[in-house]
Structure formats: structure tokens, C-alpha cells
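*Asks:* Structure provided below as C-alpha cells; questions to follow.
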Amino acid sequence: MNFIPIPLIIWLIEDLLYLIIFPGLVTILVLVIIIIWLERKIAAKVQMRFGPLWVSKKIGGALQSLADLLRYSFQEAIIPEKADKLAFILAPGLMFAFATIALIFIPVGPYYSALFPSYYTILFSVALIIITPIFAIIVGWASDNKFSFIGALREGFLLISYEVPFLLSVVSMIVIFRTYNYISAVQSQLNFLPGIILNPLAALTMLIVMIRTTGRFPFDITEADSELVLGLFTEYSALFFGVGMATPYVELYNFSLIFSLLFLGGWWPLNVNVMNPLYGLFLPGLVVVIKAFIVMAILVFLRAVYPRYRLDQAVRSGWSYVLLLSVLSVILSIVEVKFLR
Amino acid sequence: MNEVRKPRDPVTGHIKALAKGFKYLLEPNRMTLDYPAETMKLPPNYRGFFTVDDKKCIGCSMCEMVCPPEAITMVPRIIGEGGKTLPAPEGEKETKGPKRTKRPVVNWGKCIFCYFCVDVCPVDAFIPTQVHDVAFEKDKDYRPSYEEYLKPPEEPYKNAKKVVSKADLKRGVSYEPAP
């Protein structure tokens, strides 16, 4: 018994806890169910409707998304005859997997993360998040449906136009904090000011890119249900469709975690220095997740206000305003680093 | 003279739109009816399901002739004892003799609720009701037999709160409990 390395076991347990329970899969499932309900309810309130109500009337229809999930689980899965079957079956799962895996590199506390605290967590998480839309294109191609294919082409156009601003906004925060690591970035925010005050331009760019990547409303172009039937997921049914519908919300969750770590000061009101299991591990994570949830709720609120951009409008603003904003944010960061410190 | 519309400033336009949405979120201003819980009190001449009075009907087939979607068919009946009609013998479609007659049956899948039949009836034999919100479970339920047709569908949600709609200059539509 002497040669079982106890720190390794503790590390494994912590990893499993991280990936499966707290900021991991269970939390994602609960938050996605809540955020879908909240999205429908907010849009209904602003548009003078009731929204989901009759599934559980006493708590305002909050169990509606759970009921939808159950329905998707027991529905018949139809695979079209002419579809590329392997890609058709695998692509939504891989899309969901890659959206979830990015969480490995996003720490929610100074002592609580899934892997050994790597020095390059910002780069790794951003790289993994960028992979997800590629599977969206595979989904559109595999379905053998013109609506899915048009959706995939639109996704490709938008992916190219909004990737550069996203990377530049992250780069500008890396320049300010002088680190590739989320924990050091949050620590330098705790010592000075939160990132959204240091570089509001980067925060704005990041918000716009978050809306675009997760398909929230002004950029609901790939899924435009009045033009393309349901865009990418026209041919999907059952749990495949459920997974595909949940993926943007998982991406939204990851993006919001990154946003709250880079711009909102992470676990800001708490300055954690002790290695206490409750205070050191879970409380900062709770603060980060609550901040991320508020960001998600604000982005979901946009559905009630905005109509949909046309594809050419979205691509044009991506290459003009948003790119300009991100370049300005990098310049702002360089100026701040030169003169403030 | 057409006024030239100024191009909207992108920044203030977005902020104004978001502020307006947020205001609507805080002051919910619902215009929809919470349907199964509250239902509209309908006007007295509302055109719902209707049935026929077996004793008043004279079997003249005017309703069948006037029906635009041809939803009404006349079924052969025999006038029996006690003033009730009885089903005609099997295979007999033509009506002969003084005791033979016809009665209307409506196919609810075809009916457009125009009430031409009710208007054209020379003896006012049709009994209109205000029931309009019925879901049929089977395809066969659309096409009742004459005996089933004599009992039209009952009103669902009988315990629902009755409301009347009111035009409101500020909100658009508002609902008040029915008097």
C-alpha cells in the first residue's frame, strides 16, 4: 500500500469532481436548462406573451426544457437515406464534446482546476473553442439538405469574419496582463482593476463575438428559421437534435466563464490565499459561475430586442467595425502598458 | 414634400433599443389570453357547433343544397312512433311513401361554420351553440352518425374564468372579468 501515490489520487478525485460535478457536466446541464427557459421567458415578457407556462405552472413553466429533453430522448432518430451517415451521427456529438472539453483549461479558482495548472491555459481554451464551428460545417454538409448546406456556408462565412476580432481581443488582454494564464490574469486584476475598465473596447469586441459564435439574436443567421427551415439541424431529430440545440448554450457558458475571468475580475470580491476546501476551492468557483450566468442572461436578453442581420450585413460589420474595434483594443492595451506601468 | 429620414446613430440606436426592451421586461404588458385558464365570453350570435331538432326538421334538403363545402349529407330515416325517427332499412337510399324522410348530418372536418344552413332552414330546425374549441381525437369523430350528431360536442374548460376583451389606448388589448 505504500507505493500508491496519495497526491495523485487526490488530484484524480479533484479532476473528476471538476469535470463531472461543479463547473462540469452537471452544472452545465442545469444551467443550460435554466438559461433556455430564461431565454424563452424573457423574450415572451418583452413581446407581451406568457412564454412556457403549462408544464409546471406553479414555478412559471421552469420544467419546460427538462420536458423537451425527455421528449428528445425518447423520440425516433431518423437518419436520411442519402446522408453521409458516419458524419451525420458523429458530428453533433463531437461538436458538443469539443464545446465541453474547452472547460478543462478554464480554471474557476486559484487552486481548483481540471489539469495541472498549465502556463498557457488562455491559448489552449481559445484554440479548443475555435474548433467547434468546424463541426457545425460538417453537420451541414453531411445532412444532404439544401437548407443545412446554406446554413453551413453561412456559418463558414461568419466564422472567418469573426475569428480575427475574437483572437485580437484575447491578445489585447494577454498584452495587458502579460500572461497566458487565467489565474495570473485574475490575480493581476485583483491587484489593480478589472479588465473591463482597463480595456472596454476588448470587452465590447468579445461580447459581439460571443453573440455571433453562439448564434444569439442579431447573428441568428445560420439558424434563420424564417428563411432556412432550421439551418444546420433541419434533418436532425431525437437526441441528435437535442445535443445540437444545447451546443450553442454550452459554448455560451464557456465564453461567459472566459469573459468573467478576463474582464470581470474572476473571483473578484474574494481574495483567496488559503487552501481551505470550502473557501479555497468552491467559493471562488461559485462567484465565477454566478458572474458567467449574469453575462449569459444579458446575452440571452438580446433575443427580445433585435431582429436578424442579413448575411452580408453581418460579414461587412465583422470586417469593418468589429475588426477596427479589436485593432483599437490592441493599440489601447499597448499604450496602457507603455504609460501606466 | 417628403421628409428625409436621418440615418440613425448606431451607438445611441442600440442603447435606446436595449433600454426600451429592458423597460418592457420590468413592466410586463401581456396582451395574450391565458387560454385554458380564462376564456372569452362570446357574443350571442357567435357561430359554433350546431345540432338539429329532430321534431322540427321536415327533411327538405335545403341545407344540403346551400352548404358551400358540401359538408351536410342527408341520411334516410323513417318516422317512427312517439315522434322519433328511426334508421331506414339497410340498402334503401331513395325515400318513398309518406313515412319516409331525410335528416341532415354535418361532417365537422368539412364544415366552415358559415351558418348558411341555419339561415336557410324554413322551420328554424337548427339549434346553434357557442362551443367552438373542441379537439377531435380520432378521424372518425369528425363524421358523426345521425344519433351522435344529435348530441353536439360539449364545451371544454367549463370552469375557466370568463373574460371580455377591451380596447385600451395604452396597452392595446386588456381583459376584464365578464359581467
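Starting from 1 in every chain, residues are counted up; chains themselves are A, B, ... following the order of the C-alpha cells, and ligands are numbered from 1 as listed.
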From a DSSP pass on the backbone, collect the residues of chain B flagged as helix (DSSP H, G or I) and hand them back as a VMD selection string.
*Replies:* chain B and resid 10 to 26 62 to 66 81 to 83 116 to 120 139 to 142 146 to 149
*Asks:* For the selection you just gave me, I'd like the residues written to a file as a short mmCIF file (atom, residue, chain, number, x, y, z; two decimals), in the first residue's frame, keeping N, CA and C atoms.
*Replies:*
```cif
data_model
loop_
_atom_site.label_atom_id
_atom_site.label_comp_id
_atom_site.auth_asym_id
_atom_site.auth_seq_id
_atom_site.Cartn_x
_atom_site.Cartn_y
_atom_site.Cartn_z
N PRO B 10 -25.58 54.74 -34.87
CA PRO B 10 -25.54 53.33 -34.44
C PRO B 10 -25.44 53.15 -32.94
N VAL B 11 -24.68 53.98 -32.27
CA VAL B 11 -24.45 53.74 -30.84
C VAL B 11 -25.71 54.04 -30.04
N THR B 12 -26.28 55.26 -30.23
CA THR B 12 -27.47 55.61 -29.44
C THR B 12 -28.66 54.75 -29.84
N GLY B 13 -28.71 54.34 -31.12
CA GLY B 13 -29.81 53.48 -31.54
C GLY B 13 -29.82 52.18 -30.77
N HIS B 14 -28.63 51.55 -30.65
CA HIS B 14 -28.56 50.29 -29.90
C HIS B 14 -28.94 50.51 -28.44
N ILE B 15 -28.42 51.61 -27.85
CA ILE B 15 -28.68 51.83 -26.43
C ILE B 15 -30.16 52.07 -26.20
N LYS B 16 -30.80 52.84 -27.12
CA LYS B 16 -32.23 53.11 -26.97
C LYS B 16 -33.04 51.83 -27.07
N ALA B 17 -32.67 50.98 -28.07
CA ALA B 17 -33.43 49.73 -28.25
C ALA B 17 -33.31 48.84 -27.02
N LEU B 18 -32.07 48.74 -26.48
CA LEU B 18 -31.88 47.89 -25.31
C LEU B 18 -32.64 48.44 -24.11
N ALA B 19 -32.62 49.78 -23.96
CA ALA B 19 -33.31 50.39 -22.82
C ALA B 19 -34.81 50.13 -22.92
N LYS B 20 -35.34 50.23 -24.14
CA LYS B 20 -36.78 50.01 -24.31
C LYS B 20 -37.13 48.56 -23.99
N GLY B 21 -36.28 47.62 -24.47
CA GLY B 21 -36.53 46.21 -24.17
C GLY B 21 -36.49 45.95 -22.68
N PHE B 22 -35.53 46.58 -21.99
CA PHE B 22 -35.41 46.38 -20.55
C PHE B 22 -36.62 46.94 -19.82
N LYS B 23 -37.12 48.09 -20.32
CA LYS B 23 -38.31 48.68 -19.71
C LYS B 23 -39.51 47.74 -19.86
N TYR B 24 -39.64 47.14 -21.04
CA TYR B 24 -40.75 46.21 -21.26
C TYR B 24 -40.59 44.97 -20.40
N LEU B 25 -39.31 44.59 -20.13
CA LEU B 25 -39.08 43.40 -19.30
C LEU B 25 -39.53 43.66 -17.87
N LEU B 26 -39.28 44.90 -17.38
CA LEU B 26 -39.63 45.20 -16.00
C LEU B 26 -41.12 45.44 -15.83
N MET B 62 -82.86 21.66 -48.06
CA MET B 62 -82.37 22.98 -48.42
C MET B 62 -80.96 23.21 -47.88
N CYS B 63 -80.70 22.71 -46.65
CA CYS B 63 -79.39 22.91 -46.03
C CYS B 63 -78.31 22.19 -46.83
N GLU B 64 -78.64 21.00 -47.33
CA GLU B 64 -77.66 20.26 -48.12
C GLU B 64 -77.33 21.01 -49.40
N MET B 65 -78.38 21.63 -50.00
CA MET B 65 -78.15 22.32 -51.27
C MET B 65 -77.32 23.58 -51.07
N VAL B 66 -77.53 24.29 -49.95
CA VAL B 66 -76.89 25.59 -49.79
C VAL B 66 -75.46 25.46 -49.22
N GLU B 81 -92.73 5.70 -34.12
CA GLU B 81 -93.73 6.04 -33.11
C GLU B 81 -93.13 6.97 -32.07
N GLY B 82 -93.99 7.76 -31.42
CA GLY B 82 -93.54 8.68 -30.38
C GLY B 82 -92.81 9.87 -30.95
N GLY B 83 -93.03 10.17 -32.26
CA GLY B 83 -92.42 11.35 -32.84
C GLY B 83 -90.94 11.20 -33.14
N PHE B 116 -74.97 29.13 -43.25
CA PHE B 116 -75.95 29.28 -44.33
C PHE B 116 -77.13 28.34 -44.08
N CYS B 117 -76.82 27.12 -43.61
CA CYS B 117 -77.87 26.14 -43.36
C CYS B 117 -78.84 26.64 -42.30
N VAL B 118 -78.27 27.25 -41.25
CA VAL B 118 -79.13 27.76 -40.18
C VAL B 118 -80.04 28.86 -40.71
N ASP B 119 -79.48 29.71 -41.61
CA ASP B 119 -80.27 30.81 -42.15
C ASP B 119 -81.33 30.32 -43.12
N VAL B 120 -80.97 29.30 -43.92
CA VAL B 120 -81.87 28.91 -45.00
C VAL B 120 -83.01 28.02 -44.51
N ASP B 139 -60.06 10.36 -36.34
CA ASP B 139 -60.57 10.83 -37.63
C ASP B 139 -62.06 10.55 -37.74
N LYS B 140 -62.51 9.43 -37.12
CA LYS B 140 -63.91 9.04 -37.23
C LYS B 140 -64.82 10.04 -36.51
N ASP B 141 -64.28 10.70 -35.48
CA ASP B 141 -65.10 11.62 -34.71
C ASP B 141 -65.55 12.83 -35.52
N TYR B 142 -64.83 13.13 -36.62
CA TYR B 142 -65.25 14.23 -37.49
C TYR B 142 -66.58 13.93 -38.16
N TYR B 146 -76.06 9.96 -37.33
CA TYR B 146 -77.15 10.89 -37.01
C TYR B 146 -77.41 10.94 -35.51
N GLU B 147 -77.33 9.77 -34.84
CA GLU B 147 -77.56 9.75 -33.39
C GLU B 147 -76.49 10.54 -32.66
N GLU B 148 -75.21 10.40 -33.12
CA GLU B 148 -74.14 11.16 -32.48
C GLU B 148 -74.27 12.65 -32.78
N TYR B 149 -74.78 12.94 -33.98
CA TYR B 149 -74.89 14.35 -34.38
C TYR B 149 -75.93 15.09 -33.56
#
```
*Asks:* Using only C-alpha atoms, what table do you get, as a tab-separated table, when you list each residue of chain A with an atom no more than 10 Å from chain B, its nearest pair of atoms, and their distance in Å rounded to one decimal, rows by chain then rising number?
*Replies:*
```
residue	atom	partner	partner_atom	distance
A:Lys41	CA	B:Leu25	CA	9.9
A:Ile42	CA	B:Leu25	CA	6.9
A:Ala43	CA	B:Leu25	CA	8.4
A:Ala44	CA	B:Arg30	CA	8.9
A:Lys45	CA	B:Pro28	CA	5.6
A:Val46	CA	B:Leu25	CA	5.0
A:Gln47	CA	B:Tyr24	CA	8.0
A:Met48	CA	B:Arg30	CA	4.2
A:Arg49	CA	B:Arg30	CA	5.5
A:Phe50	CA	B:Arg30	CA	7.1
A:Leu53	CA	B:Asp34	CA	9.5
A:Trp54	CA	B:Pro36	CA	9.7
A:Phe301	CA	B:Gly21	CA	8.5
A:Leu302	CA	B:Leu18	CA	7.7
A:Arg303	CA	B:Gly21	CA	9.9
A:Ala304	CA	B:Gly21	CA	7.0
A:Val305	CA	B:Gly21	CA	5.8
A:Tyr306	CA	B:Ala17	CA	8.1
```
*Asks:* Please identify all polymer residues within 8 Å of region 20-23 of chain A, counting only C-alpha atoms, omitting same-chain residues fewer than 3 positions from it, and present them as a list in words.
*Replies:* Leu16, Leu17, Val26, Thr27, Ile28, Val108, Gly285 and Val289 of chain A
*Asks:* For the selection just defined, write its residues with N, CA and C atoms to a file, as an mmCIF file, in the first residue's frame.
*Replies:*
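Output saved as out10.cif:
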```cif
data_model
loop_
_atom_site.group_PDB
_atom_site.id
_atom_site.type_symbol
_atom_site.label_atom_id
_atom_site.label_comp_id
_atom_site.auth_asym_id
_atom_site.auth_seq_id
_atom_site.Cartn_x
_atom_site.Cartn_y
_atom_site.Cartn_z
ATOM 1 N N LEU A 16 -12.110 14.656 -11.358
ATOM 2 C CA LEU A 16 -13.437 14.122 -11.649
ATOM 3 C C LEU A 16 -14.524 15.046 -11.125
ATOM 4 N N LEU A 17 -14.306 15.536 -9.899
ATOM 5 C CA LEU A 17 -15.257 16.471 -9.306
ATOM 6 C C LEU A 17 -15.420 17.688 -10.206
ATOM 7 N N VAL A 26 -22.668 18.354 -14.857
ATOM 8 C CA VAL A 26 -23.939 18.510 -14.147
ATOM 9 C C VAL A 26 -24.339 19.986 -14.099
ATOM 10 N N THR A 27 -23.350 20.835 -13.756
ATOM 11 C CA THR A 27 -23.635 22.269 -13.703
ATOM 12 C C THR A 27 -24.036 22.785 -15.076
ATOM 13 N N ILE A 28 -23.343 22.289 -16.123
ATOM 14 C CA ILE A 28 -23.678 22.733 -17.483
ATOM 15 C C ILE A 28 -25.112 22.359 -17.807
ATOM 16 N N VAL A 108 -11.714 27.772 -12.413
ATOM 17 C CA VAL A 108 -12.675 28.665 -11.774
ATOM 18 C C VAL A 108 -12.210 29.057 -10.374
ATOM 19 N N GLY A 285 -15.106 29.539 -7.224
ATOM 20 C CA GLY A 285 -15.767 28.972 -8.396
ATOM 21 C C GLY A 285 -17.210 29.400 -8.477
ATOM 22 N N VAL A 289 -18.977 31.378 -11.539
ATOM 23 C CA VAL A 289 -20.120 30.829 -12.274
ATOM 24 C C VAL A 289 -21.319 31.773 -12.203
#
```
*Asks:* Could you tell me, as a PyMOL selection string, which residues of region 24-98 of chain B DSSP assigns to strand (DSSP E or B) when given the backbone?
*Replies:* chain B and resi 38-40+50-52+72-79+85-87
*Asks:* Write out as a ChimeraX atom specification each polymer residue whose atoms come within 12 Å of Gly265 (chain A), counting only C-alpha atoms; drop sequence neighbours fewer than 3 positions from it.
*Replies:* /A:108-109,177,182-198,257-262,268-271,284,287-288,291-292
*Asks:* Can you tell me which residues surround Asp144 (chain A) at a distance of at most 10 Å, considering only C-alpha atoms, apart from same-chain residues fewer than 5 positions away, and format the answer as a PyMOL selection string?
*Replies:* chain A and resi 80-84+88+139+149+235
*Asks:* Restricting the output to N, CA and C atoms, write the selected residues as a PDB file, in the first residue's frame.
*Replies:*
```pdb
ATOM      1  N   PRO A  80     -31.506  10.375 -42.691  1.00  0.00           N
ATOM      2  CA  PRO A  80     -31.905  10.389 -44.103  1.00  0.00           C
ATOM      3  C   PRO A  80     -31.090   9.390 -44.914  1.00  0.00           C
ATOM      4  N   GLU A  81     -31.717   8.882 -45.996  1.00  0.00           N
ATOM      5  CA  GLU A  81     -31.083   7.818 -46.767  1.00  0.00           C
ATOM      6  C   GLU A  81     -29.801   8.295 -47.430  1.00  0.00           C
ATOM      7  N   LYS A  82     -29.840   9.529 -47.954  1.00  0.00           N
ATOM      8  CA  LYS A  82     -28.692   9.988 -48.733  1.00  0.00           C
ATOM      9  C   LYS A  82     -27.649  10.703 -47.880  1.00  0.00           C
ATOM     10  N   ALA A  83     -27.856  10.735 -46.569  1.00  0.00           N
ATOM     11  CA  ALA A  83     -26.897  11.446 -45.723  1.00  0.00           C
ATOM     12  C   ALA A  83     -25.602  10.653 -45.619  1.00  0.00           C
ATOM     13  N   ASP A  84     -24.531  11.378 -45.352  1.00  0.00           N
ATOM     14  CA  ASP A  84     -23.257  10.731 -45.034  1.00  0.00           C
ATOM     15  C   ASP A  84     -23.383  10.255 -43.595  1.00  0.00           C
ATOM     16  N   PHE A  88     -22.967  12.243 -40.167  1.00  0.00           N
ATOM     17  CA  PHE A  88     -24.273  12.692 -39.665  1.00  0.00           C
ATOM     18  C   PHE A  88     -24.447  12.330 -38.202  1.00  0.00           C
ATOM     19  N   VAL A 139     -21.709  19.141 -40.002  1.00  0.00           N
ATOM     20  CA  VAL A 139     -23.129  18.801 -39.840  1.00  0.00           C
ATOM     21  C   VAL A 139     -23.923  19.231 -41.060  1.00  0.00           C
ATOM     22  N   PHE A 149     -27.113  22.938 -45.968  1.00  0.00           N
ATOM     23  CA  PHE A 149     -25.889  23.325 -46.668  1.00  0.00           C
ATOM     24  C   PHE A 149     -25.742  24.838 -46.693  1.00  0.00           C
ATOM     25  N   GLU A 235     -32.383  18.358 -40.717  1.00  0.00           N
ATOM     26  CA  GLU A 235     -32.656  16.935 -40.897  1.00  0.00           C
ATOM     27  C   GLU A 235     -32.569  16.153 -39.593  1.00  0.00           C
TER      28      GLU A 235
END
```
*Asks:* Neighbours of region 129-137 of chain B within 9 Å (only C-alpha atoms; same-chain residues fewer than 2 positions away dropped), as a list in words?
*Replies:* Leu42, Pro43, Pro44, Asn45, Tyr46, Arg47, Gly48, Phe49, Phe50, Thr51, Ile127, Asp139, Lys140, Asp141, Tyr142, Pro152, Pro153, Glu154, Glu155 and Pro156 of chain B
*Asks:* Write a file of the selected residues as a compact mmCIF listing (two decimals), in the first residue's frame, keeping N, CA and C atoms.
*Replies:*
```
# COMPACT_ATOMS: atom_id res chain seq x y z
N LEU B 42 -68.29 34.93 -25.29
CA LEU B 42 -68.54 35.13 -26.71
C LEU B 42 -69.83 35.92 -26.92
N PRO B 43 -69.92 36.64 -28.03
CA PRO B 43 -71.15 37.36 -28.33
C PRO B 43 -72.29 36.37 -28.60
N PRO B 44 -73.55 36.80 -28.43
CA PRO B 44 -74.67 35.84 -28.53
C PRO B 44 -74.81 35.20 -29.91
N ASN B 45 -74.37 35.91 -30.98
CA ASN B 45 -74.54 35.32 -32.31
C ASN B 45 -73.27 34.64 -32.81
N TYR B 46 -72.42 34.21 -31.89
CA TYR B 46 -71.17 33.54 -32.28
C TYR B 46 -71.50 32.19 -32.92
N ARG B 47 -70.81 31.85 -34.02
CA ARG B 47 -71.14 30.64 -34.77
C ARG B 47 -70.30 29.47 -34.31
N GLY B 48 -70.89 28.60 -33.48
CA GLY B 48 -70.18 27.43 -33.00
C GLY B 48 -70.77 26.16 -33.58
N PHE B 49 -70.55 25.03 -32.90
CA PHE B 49 -71.16 23.78 -33.34
C PHE B 49 -72.68 23.90 -33.24
N PHE B 50 -73.39 23.16 -34.10
CA PHE B 50 -74.85 23.24 -34.07
C PHE B 50 -75.43 21.84 -34.29
N THR B 51 -76.62 21.66 -33.77
CA THR B 51 -77.30 20.38 -33.95
C THR B 51 -78.68 20.64 -34.54
N ILE B 127 -80.23 24.06 -34.03
CA ILE B 127 -80.03 24.63 -32.69
C ILE B 127 -78.57 25.06 -32.59
N ASP B 139 -60.06 10.36 -36.34
CA ASP B 139 -60.57 10.83 -37.63
C ASP B 139 -62.06 10.55 -37.74
N LYS B 140 -62.51 9.43 -37.12
CA LYS B 140 -63.91 9.04 -37.23
C LYS B 140 -64.82 10.04 -36.51
N ASP B 141 -64.28 10.70 -35.48
CA ASP B 141 -65.10 11.62 -34.71
C ASP B 141 -65.55 12.83 -35.52
N TYR B 142 -64.83 13.13 -36.62
CA TYR B 142 -65.25 14.23 -37.49
C TYR B 142 -66.58 13.93 -38.16
N PRO B 152 -74.25 17.45 -29.89
CA PRO B 152 -73.02 18.11 -30.36
C PRO B 152 -71.98 18.14 -29.25
N PRO B 153 -70.68 18.42 -29.59
CA PRO B 153 -69.62 18.40 -28.59
C PRO B 153 -69.90 19.35 -27.44
N GLU B 154 -69.50 18.93 -26.25
CA GLU B 154 -69.69 19.80 -25.08
C GLU B 154 -68.55 20.78 -24.94
N GLU B 155 -68.81 21.86 -24.26
CA GLU B 155 -67.79 22.90 -24.09
C GLU B 155 -66.69 22.40 -23.17
N PRO B 156 -65.41 22.43 -23.62
CA PRO B 156 -64.33 22.10 -22.69
C PRO B 156 -64.04 23.29 -21.78
```
*Asks:* List the neighbours of Val105 (chain B) out to 9 Å using only C-alpha atoms; skip same-chain residues closer than 5 positions along the sequence, and give me the result as a PDB file with C-alpha atoms, in the first residue's frame.
*Replies:*
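Output contents, as saved in out_12.pdb:
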```pdb
ATOM      1  CA  THR B  51     -77.299  20.380 -33.954  1.00  0.00           C
ATOM      2  CA  VAL B  52     -80.749  19.775 -35.425  1.00  0.00           C
ATOM      3  CA  ALA B  71     -70.362  19.162 -45.535  1.00  0.00           C
ATOM      4  CA  ILE B  72     -74.034  18.266 -44.992  1.00  0.00           C
ATOM      5  CA  THR B  73     -75.360  14.918 -46.198  1.00  0.00           C
ATOM      6  CA  MET B  74     -78.993  13.806 -45.855  1.00  0.00           C
ATOM      7  CA  VAL B  75     -79.424  10.367 -44.332  1.00  0.00           C
ATOM      8  CA  ARG B 143     -68.012  12.273 -39.228  1.00  0.00           C
ATOM      9  CA  PRO B 144     -70.719  11.562 -36.670  1.00  0.00           C
ATOM     10  CA  SER B 145     -73.692   9.296 -37.303  1.00  0.00           C
ATOM     11  CA  TYR B 146     -77.148  10.887 -37.013  1.00  0.00           C
ATOM     12  CA  TYR B 149     -74.887  14.349 -34.384  1.00  0.00           C
ATOM     13  CA  LEU B 150     -77.957  15.000 -32.243  1.00  0.00           C
TER      14      LEU B 150
END
```
*Asks:* Could you jot down the CA of Leu19 (chain A) to CA of Phe105 (chain A) separation for me, Å, one decimal place?
*Replies:*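 One can read the CA of Leu19 (chain A) to CA of Phe105 (chain A) distance as 10.8 Å.
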